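What follows is input_8.cif (mmCIF, C-alpha atoms).
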```
data_input
#
loop_
_atom_site.label_atom_id
_atom_site.label_comp_id
_atom_site.auth_asym_id
_atom_site.auth_seq_id
_atom_site.Cartn_x
_atom_site.Cartn_y
_atom_site.Cartn_z
CA MET A 812 115.63 127.02 118.30
CA PRO A 813 117.89 126.76 121.39
CA ILE A 814 120.21 123.79 121.61
CA TYR A 815 118.79 122.45 124.87
CA ASN A 816 115.54 121.49 123.20
CA TYR A 817 117.46 119.14 120.93
CA ILE A 818 119.51 117.86 123.88
CA TYR A 819 116.38 116.92 125.82
CA VAL A 820 114.67 115.26 122.87
CA ALA A 821 117.75 113.15 122.06
CA LEU A 822 118.20 112.36 125.76
CA THR A 823 114.64 111.11 126.06
CA LEU A 824 114.96 108.91 122.99
CA PHE A 825 118.26 107.50 124.26
CA CYS A 826 116.85 106.70 127.69
CA ILE A 827 113.79 105.03 126.18
CA GLY A 828 116.23 102.88 124.22
CA VAL A 829 118.21 102.00 127.34
CA ALA A 830 115.04 101.10 129.25
CA GLY A 831 113.92 98.95 126.33
CA VAL A 832 117.20 97.05 126.26
CA LEU A 833 116.96 96.44 130.01
CA THR A 834 113.30 95.38 130.13
CA ARG A 835 112.56 93.41 126.99
CA ARG A 836 113.64 89.80 126.58
CA ASN A 837 113.12 89.49 122.84
CA ALA A 838 116.48 89.65 121.05
CA ILE A 839 115.09 91.44 117.99
CA ILE A 840 113.43 94.14 120.08
CA ILE A 841 116.66 94.66 122.01
CA PHE A 842 118.39 95.11 118.69
CA MET A 843 115.79 97.65 117.60
CA CYS A 844 116.29 99.61 120.81
CA ILE A 845 120.00 99.80 120.00
CA GLU A 846 119.07 101.32 116.64
CA LEU A 847 116.90 103.82 118.50
CA MET A 848 119.86 104.89 120.64
CA LEU A 849 122.06 105.29 117.55
CA ASN A 850 119.45 107.53 115.98
CA ALA A 851 119.19 109.71 119.06
CA VAL A 852 122.94 110.28 118.91
CA ASN A 853 122.73 111.06 115.20
CA LEU A 854 120.08 113.69 115.78
CA LEU A 855 122.17 115.35 118.47
CA LEU A 856 125.27 115.37 116.25
CA VAL A 857 123.39 117.12 113.46
CA ALA A 858 121.94 119.67 115.90
CA PHE A 859 125.39 120.48 117.30
CA SER A 860 126.76 120.75 113.77
CA LYS A 861 124.16 123.39 112.92
CA MET A 862 124.79 125.17 116.21
CA HIS A 863 128.50 125.59 115.53
CA TYR A 864 127.79 126.56 111.95
CA ALA A 865 125.39 129.27 113.10
CA THR A 866 128.04 130.87 115.31
CA ALA A 867 130.84 130.50 112.75
CA VAL A 868 128.94 131.83 109.75
CA ALA A 869 128.17 135.06 111.56
CA ASN A 870 131.89 135.87 111.68
CA ALA A 871 133.11 134.34 108.43
CA PRO A 872 130.58 133.90 105.64
CA GLY A 873 131.23 130.92 103.41
CA THR A 874 132.69 128.76 106.14
CA THR A 875 132.12 125.02 106.23
CA VAL A 876 132.35 124.48 109.95
CA GLY A 877 130.13 121.58 110.96
CA THR A 878 130.67 119.44 107.89
CA ASP A 879 132.61 116.90 109.93
CA ALA A 880 129.71 116.16 112.26
CA GLN A 881 127.37 115.41 109.39
CA LEU A 882 129.96 113.09 107.88
CA PHE A 883 130.29 111.36 111.24
CA VAL A 884 126.56 110.73 111.11
CA PHE A 885 127.01 109.24 107.65
CA PHE A 886 129.72 106.89 108.91
CA ILE A 887 127.58 105.93 111.91
CA MET A 888 124.86 104.91 109.48
CA VAL A 889 127.39 102.86 107.48
CA VAL A 890 128.58 101.00 110.56
CA ALA A 891 124.99 100.49 111.75
CA ALA A 892 124.06 98.87 108.44
CA ALA A 893 126.98 96.46 108.67
CA GLU A 894 126.15 95.74 112.31
CA VAL A 895 122.53 94.94 111.52
CA SER A 896 123.43 92.45 108.82
CA VAL A 897 125.79 90.51 111.08
CA GLY A 898 123.55 90.80 114.14
CA LEU A 899 120.48 89.51 112.36
CA ALA A 900 122.52 86.58 111.05
CA ILE A 901 123.54 85.81 114.63
CA ILE A 902 119.89 85.97 115.75
CA VAL A 903 118.83 83.62 112.95
CA MET A 904 121.56 81.18 113.97
CA MET A 905 120.48 81.42 117.60
CA TYR A 906 116.87 80.71 116.61
CA ARG A 907 118.00 77.70 114.63
CA ASN A 908 119.86 76.29 117.62
CA THR A 909 117.45 77.01 120.46
CA HIS A 910 114.11 77.51 118.60
CA SER A 911 113.56 80.71 120.53
CA ILE A 912 114.91 84.23 120.53
CA ASP A 913 114.38 84.78 124.23
CA ILE A 914 117.71 85.88 125.62
CA ASN A 915 116.97 84.16 128.92
CA PHE A 916 117.89 80.90 127.21
CA LEU A 917 121.38 82.20 126.52
CA ASN A 918 122.66 81.43 130.00
CA ARG A 919 125.04 78.59 129.28
CA LEU A 920 127.98 80.52 130.65
CA LYS A 921 126.28 80.39 134.05
CA HIS A 922 126.44 76.61 134.33
CA MET B 663 105.13 130.55 117.72
CA ASN B 664 106.08 130.22 114.11
CA ILE B 665 105.76 127.24 111.82
CA THR B 666 109.27 125.92 112.53
CA GLU B 667 108.63 125.67 116.26
CA ILE B 668 105.28 124.00 115.72
CA LEU B 669 106.91 121.45 113.43
CA PHE B 670 109.74 120.89 115.91
CA TRP B 671 107.40 120.13 118.79
CA PHE B 672 105.14 117.98 116.64
CA LEU B 673 108.05 115.90 115.35
CA SER B 674 109.55 115.57 118.83
CA ALA B 675 106.27 114.40 120.33
CA LEU B 676 105.79 111.96 117.45
CA ALA B 677 109.31 110.55 117.88
CA ILE B 678 109.02 110.11 121.64
CA ALA B 679 105.52 108.59 121.52
CA SER B 680 106.55 106.18 118.78
CA ALA B 681 109.70 105.24 120.69
CA LEU B 682 107.57 104.44 123.73
CA MET B 683 105.33 102.28 121.59
CA VAL B 684 108.37 100.40 120.25
CA VAL B 685 109.21 99.33 123.78
CA LEU B 686 105.65 98.78 124.99
CA SER B 687 103.98 96.85 122.18
CA LYS B 688 103.86 93.09 122.55
CA ASN B 689 103.87 92.14 118.90
CA PRO B 690 107.34 92.44 117.27
CA VAL B 691 105.82 93.45 113.92
CA HIS B 692 104.09 96.40 115.57
CA SER B 693 107.40 97.35 117.17
CA VAL B 694 109.06 97.45 113.76
CA LEU B 695 106.29 99.63 112.35
CA TRP B 696 106.56 102.07 115.26
CA LEU B 697 110.31 102.19 114.82
CA ILE B 698 109.79 103.17 111.18
CA MET B 699 107.61 105.99 112.53
CA VAL B 700 110.49 107.13 114.76
CA PHE B 701 112.81 107.17 111.77
CA PHE B 702 110.38 109.26 109.77
CA ALA B 703 110.13 111.76 112.62
CA ILE B 704 113.92 112.00 112.89
CA SER B 705 114.13 112.49 109.13
CA GLY B 706 111.69 115.37 109.55
CA HIS B 707 114.07 116.85 112.10
CA TYR B 708 116.87 116.62 109.53
CA ILE B 709 114.75 118.53 107.04
CA LEU B 710 114.11 121.22 109.65
CA LEU B 711 117.86 121.49 110.17
CA ASN B 712 118.39 121.65 106.39
CA ALA B 713 120.52 118.48 106.39
CA GLN B 714 119.07 117.24 103.13
CA PHE B 715 121.67 114.58 102.39
CA LEU B 716 121.22 112.97 105.80
CA PHE B 717 117.44 113.16 105.39
CA ILE B 718 117.44 111.10 102.25
CA VAL B 719 120.14 108.70 103.49
CA ASN B 720 118.19 108.17 106.72
CA LEU B 721 115.04 107.37 104.79
CA ILE B 722 116.71 105.03 102.31
CA VAL B 723 119.12 103.23 104.61
CA TYR B 724 117.19 103.07 107.88
CA ALA B 725 113.51 103.16 107.01
CA GLY B 726 114.08 101.41 103.69
CA ALA B 727 116.78 98.80 104.04
CA ILE B 728 117.36 98.04 107.71
CA MET B 729 113.72 97.93 108.73
CA VAL B 730 112.82 95.69 105.81
CA LEU B 731 115.61 93.38 106.98
CA PHE B 732 114.08 93.32 110.48
CA LEU B 733 110.59 92.61 109.14
CA PHE B 734 111.98 89.90 106.90
CA VAL B 735 113.70 88.13 109.79
CA ILE B 736 110.62 88.40 112.03
CA MET B 737 108.36 86.95 109.39
CA LEU B 738 110.93 84.28 108.51
CA MET B 739 110.91 83.06 112.10
CA ASN B 740 107.13 83.34 112.29
CA LEU B 741 107.32 85.49 115.39
CA ASN B 742 104.36 87.75 114.69
CA THR B 743 102.42 86.41 117.63
CA ASP B 744 102.19 87.80 121.12
CA THR B 745 104.73 85.59 122.83
CA GLU B 746 107.28 86.54 125.47
CA PRO B 747 105.98 85.13 128.74
CA GLN B 748 106.46 87.52 131.60
CA LYS B 749 108.05 85.64 134.46
CA ASN B 750 109.71 88.21 136.59
CA LYS B 751 107.92 91.50 136.98
CA TRP B 752 110.56 93.01 139.22
CA LEU B 753 113.16 92.77 136.50
CA LYS B 754 111.04 95.06 134.35
CA VAL B 755 110.58 97.52 137.18
CA ALA B 756 114.33 97.48 137.79
CA GLY B 757 115.00 98.15 134.10
CA VAL B 758 112.62 101.09 133.98
CA VAL B 759 114.08 102.53 137.19
CA ALA B 760 117.60 102.16 135.81
CA GLY B 761 116.64 103.95 132.60
CA GLY B 762 114.95 106.71 134.58
CA CYS B 763 118.02 107.11 136.78
CA LEU B 764 120.22 107.43 133.71
CA MET B 765 117.92 110.13 132.37
CA LEU B 766 118.02 111.90 135.73
CA VAL B 767 121.82 111.90 135.73
CA PHE B 768 121.94 113.22 132.17
CA VAL B 769 119.45 116.00 132.87
CA ALA B 770 121.32 117.00 136.02
CA ALA B 771 124.60 117.06 134.13
CA LEU B 772 123.27 118.97 131.14
CA LYS B 773 120.78 121.37 132.66
CA SER B 774 123.33 124.18 132.62
CA SER B 775 124.18 123.65 128.95
CA GLY B 776 124.31 126.76 126.85
CA THR B 777 121.45 128.53 125.21
CA GLN B 778 123.10 128.87 121.84
CA GLN B 779 120.78 128.95 118.87
CA VAL B 780 120.59 126.20 116.27
CA GLN B 781 120.25 127.39 112.71
CA MET B 782 117.01 126.12 111.22
CA GLY B 783 115.96 125.90 107.62
CA GLU B 784 118.97 127.56 106.01
CA GLY B 785 122.70 127.09 105.65
CA ASN B 786 124.37 125.02 102.98
CA ILE B 787 126.62 122.63 104.90
CA GLY B 788 124.03 119.86 104.81
CA LEU B 789 123.69 119.88 101.04
CA ILE B 790 125.16 117.14 98.89
CA GLU B 791 127.68 119.43 97.19
CA ASN B 792 129.49 120.38 100.37
CA LEU B 793 129.31 116.93 101.95
CA GLY B 794 130.43 115.19 98.77
CA LYS B 795 133.47 117.41 98.42
CA ALA B 796 134.48 116.82 102.03
CA LEU B 797 133.81 113.09 101.74
CA PHE B 798 135.97 112.60 98.67
CA ASN B 799 138.79 114.93 99.72
CA GLU B 800 139.47 114.69 103.44
CA TYR B 801 137.52 111.54 104.25
CA VAL B 802 138.34 109.41 101.24
CA LEU B 803 140.37 106.88 103.25
CA PRO B 804 137.61 106.14 105.81
CA PHE B 805 135.17 105.96 102.91
CA GLU B 806 137.23 103.29 101.18
CA ILE B 807 137.80 101.42 104.45
CA SER B 808 134.06 101.31 105.01
CA SER B 809 133.74 99.36 101.77
CA VAL B 810 136.09 96.75 103.23
CA LEU B 811 133.91 96.78 106.36
CA PHE B 812 130.85 96.06 104.24
CA LEU B 813 132.64 93.23 102.46
CA SER B 814 133.65 91.63 105.74
CA ALA B 815 130.14 92.08 107.14
CA MET B 816 128.71 90.38 104.06
CA VAL B 817 131.13 87.46 104.34
CA GLY B 818 130.42 87.22 108.07
CA ALA B 819 126.67 87.17 107.57
CA VAL B 820 126.93 84.44 104.94
CA VAL B 821 129.29 82.32 107.05
CA ILE B 822 127.18 82.67 110.21
CA GLY B 823 123.90 82.06 108.44
CA LYS B 824 125.12 79.05 106.51
CA LYS B 825 123.22 75.88 107.30
CA GLY B 826 125.15 72.98 108.80
CA ASP B 827 128.83 73.14 109.67
#
```

Would it be possible to restate this file's structure as structure tokens?
Amino acid sequence: MPIYNYIYVALTLFCIGVAGVLTRRNAIIIFMCIELMLNAVNLLLVAFSKMHYATAVANAPGTTVGTDAQLFVFFIMVVAAAEVSVGLAIIVMMYRNTHSIDINFLNRLKH
Amino acid sequence: MNITEILFWFLSALAIASALMVVLSKNPVHSVLWLIMVFFAISGHYILLNAQFLFIVNLIVYAGAIMVLFLFVIMLMNLNTDTEPQKNKWLKVAGVVAGGCLMLVFVAALKSSGTQQVQMGEGNIGLIENLGKALFNEYVLPFEISSVLFLSAMVGAVVIGKKGD
């Protein structure tokens, strides 16, 4: 499978996430679109890891080129889990204060 | 067209269609369910790339833990109704146009990217043995620091979510 197929799939997922963040007003859905963008990046990292491994293993069998990218994906998942726990706590607090999760109500800095 | 290509295109179409439904559906619970579908499709991509460790971690952490957390919060706030009044239609159009422009810029920048092949279905760098050795030899310090990150995230979530202050 050529690499550009993976690039275009990940690109489409990322841009759908960006459009979702810009159009939706619901804080939870915005948060879910951020998760979507993180997953698009993860997919592309794994694809590039296998691409470099495919070229390296042809020259030197037994190489472990590309391990780093897959561990980066693992650490991205770790950070995303921590981010979700804090972010959802912030959303719950916001709902408790304003009784809504519409981000249009968060405009106090404007006044 | 062999079975790997068929599976690749099927999983890509499933991921993109489900991602569109995440953005388009009005009910937040439906959005969460479609996002779980996206995660399953991406996990299928990991299996095609023979990244077995990331496949199972993606299923357990994302589709299992994080999405349950989202569903729990949505049902806790009783948001599973079709709310979100649409006041300004032009803002939505502007958002979609901005996303489309970003995609256009990316495609224009990457259209001359190489045609190198991605190895599918074989290779042992995605197996637990290799990743575990690398994780506990070279990456043991970031691994331990991430435990501190989790501890601080836990304390932060409890402090923020505490009632009355």

Just the residues within 10 Å of Lys751 of chain B, please, counting all atoms listed in the file, with nothing from its chain fewer than 4 positions along; format it as a list in words. Thr834 of chain A; Val755 and Ala756 of chain B

Determine which residues of chain B sit within 6 Å of chain A, taking into account all atoms listed in the file, and present them as a list of chain:residue names.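 Selected residues: B:Val685, B:Lys754, B:Gly757, B:Val758, B:Gly761, B:Met765, B:Thr777, B:Gln778, B:Gln779, B:Val780, B:Gln781, B:Ile787, B:Phe812, B:Ala815, B:Ala819, B:Gly823.
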
Would you please work out which residue, of A:Leu855, A:Asn870, A:Ala838, A:Thr909, is nearest to Phe883 of chain A when using all atoms listed in the file?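 Of A:Leu855, A:Asn870, A:Ala838, A:Thr909, the one nearest Phe883 of chain A, counting all atoms listed in the file, is A:Leu855.
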
Hey, can you check how far atom CA of Gly776 of chain B sits from atom CA of Gly788 of chain B?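 For atom CA of Gly776 of chain B relative to atom CA of Gly788 of chain B, the distance reads 23.1 Å.
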
Got a sec to resolve the PyMOL selection byres ((chain B and resi 725) around 9) on this structure and send the residues as a PyMOL selection string? chain B and resi 697-699+701-702+720-724+726-730

Using all atoms listed in the file and a cutoff of 12 Å, can you tell me which residues are near (111.9, 120.8, 106.7) in the file's coordinates, and write them out as number ranges by chain? B: 665-670, 673, 703-714, 717, 782-784

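One finds atom CA of Val684 of chain B at 17.3 Å from atom CA of Met737 of chain B.
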
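In this model, the gap between atom CA of Gly794 of chain B and atom CA of Phe715 of chain B comes to 9.5 Å.
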
Counting all atoms listed in the file, the residue of B:Ser775, B:Asn786, B:Asn799, B:Asn664 that sits nearest Pro872 of chain A: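 Ranking B:Ser775, B:Asn786, B:Asn799, B:Asn664 by distance to Pro872 of chain A, first place goes to B:Asn786.
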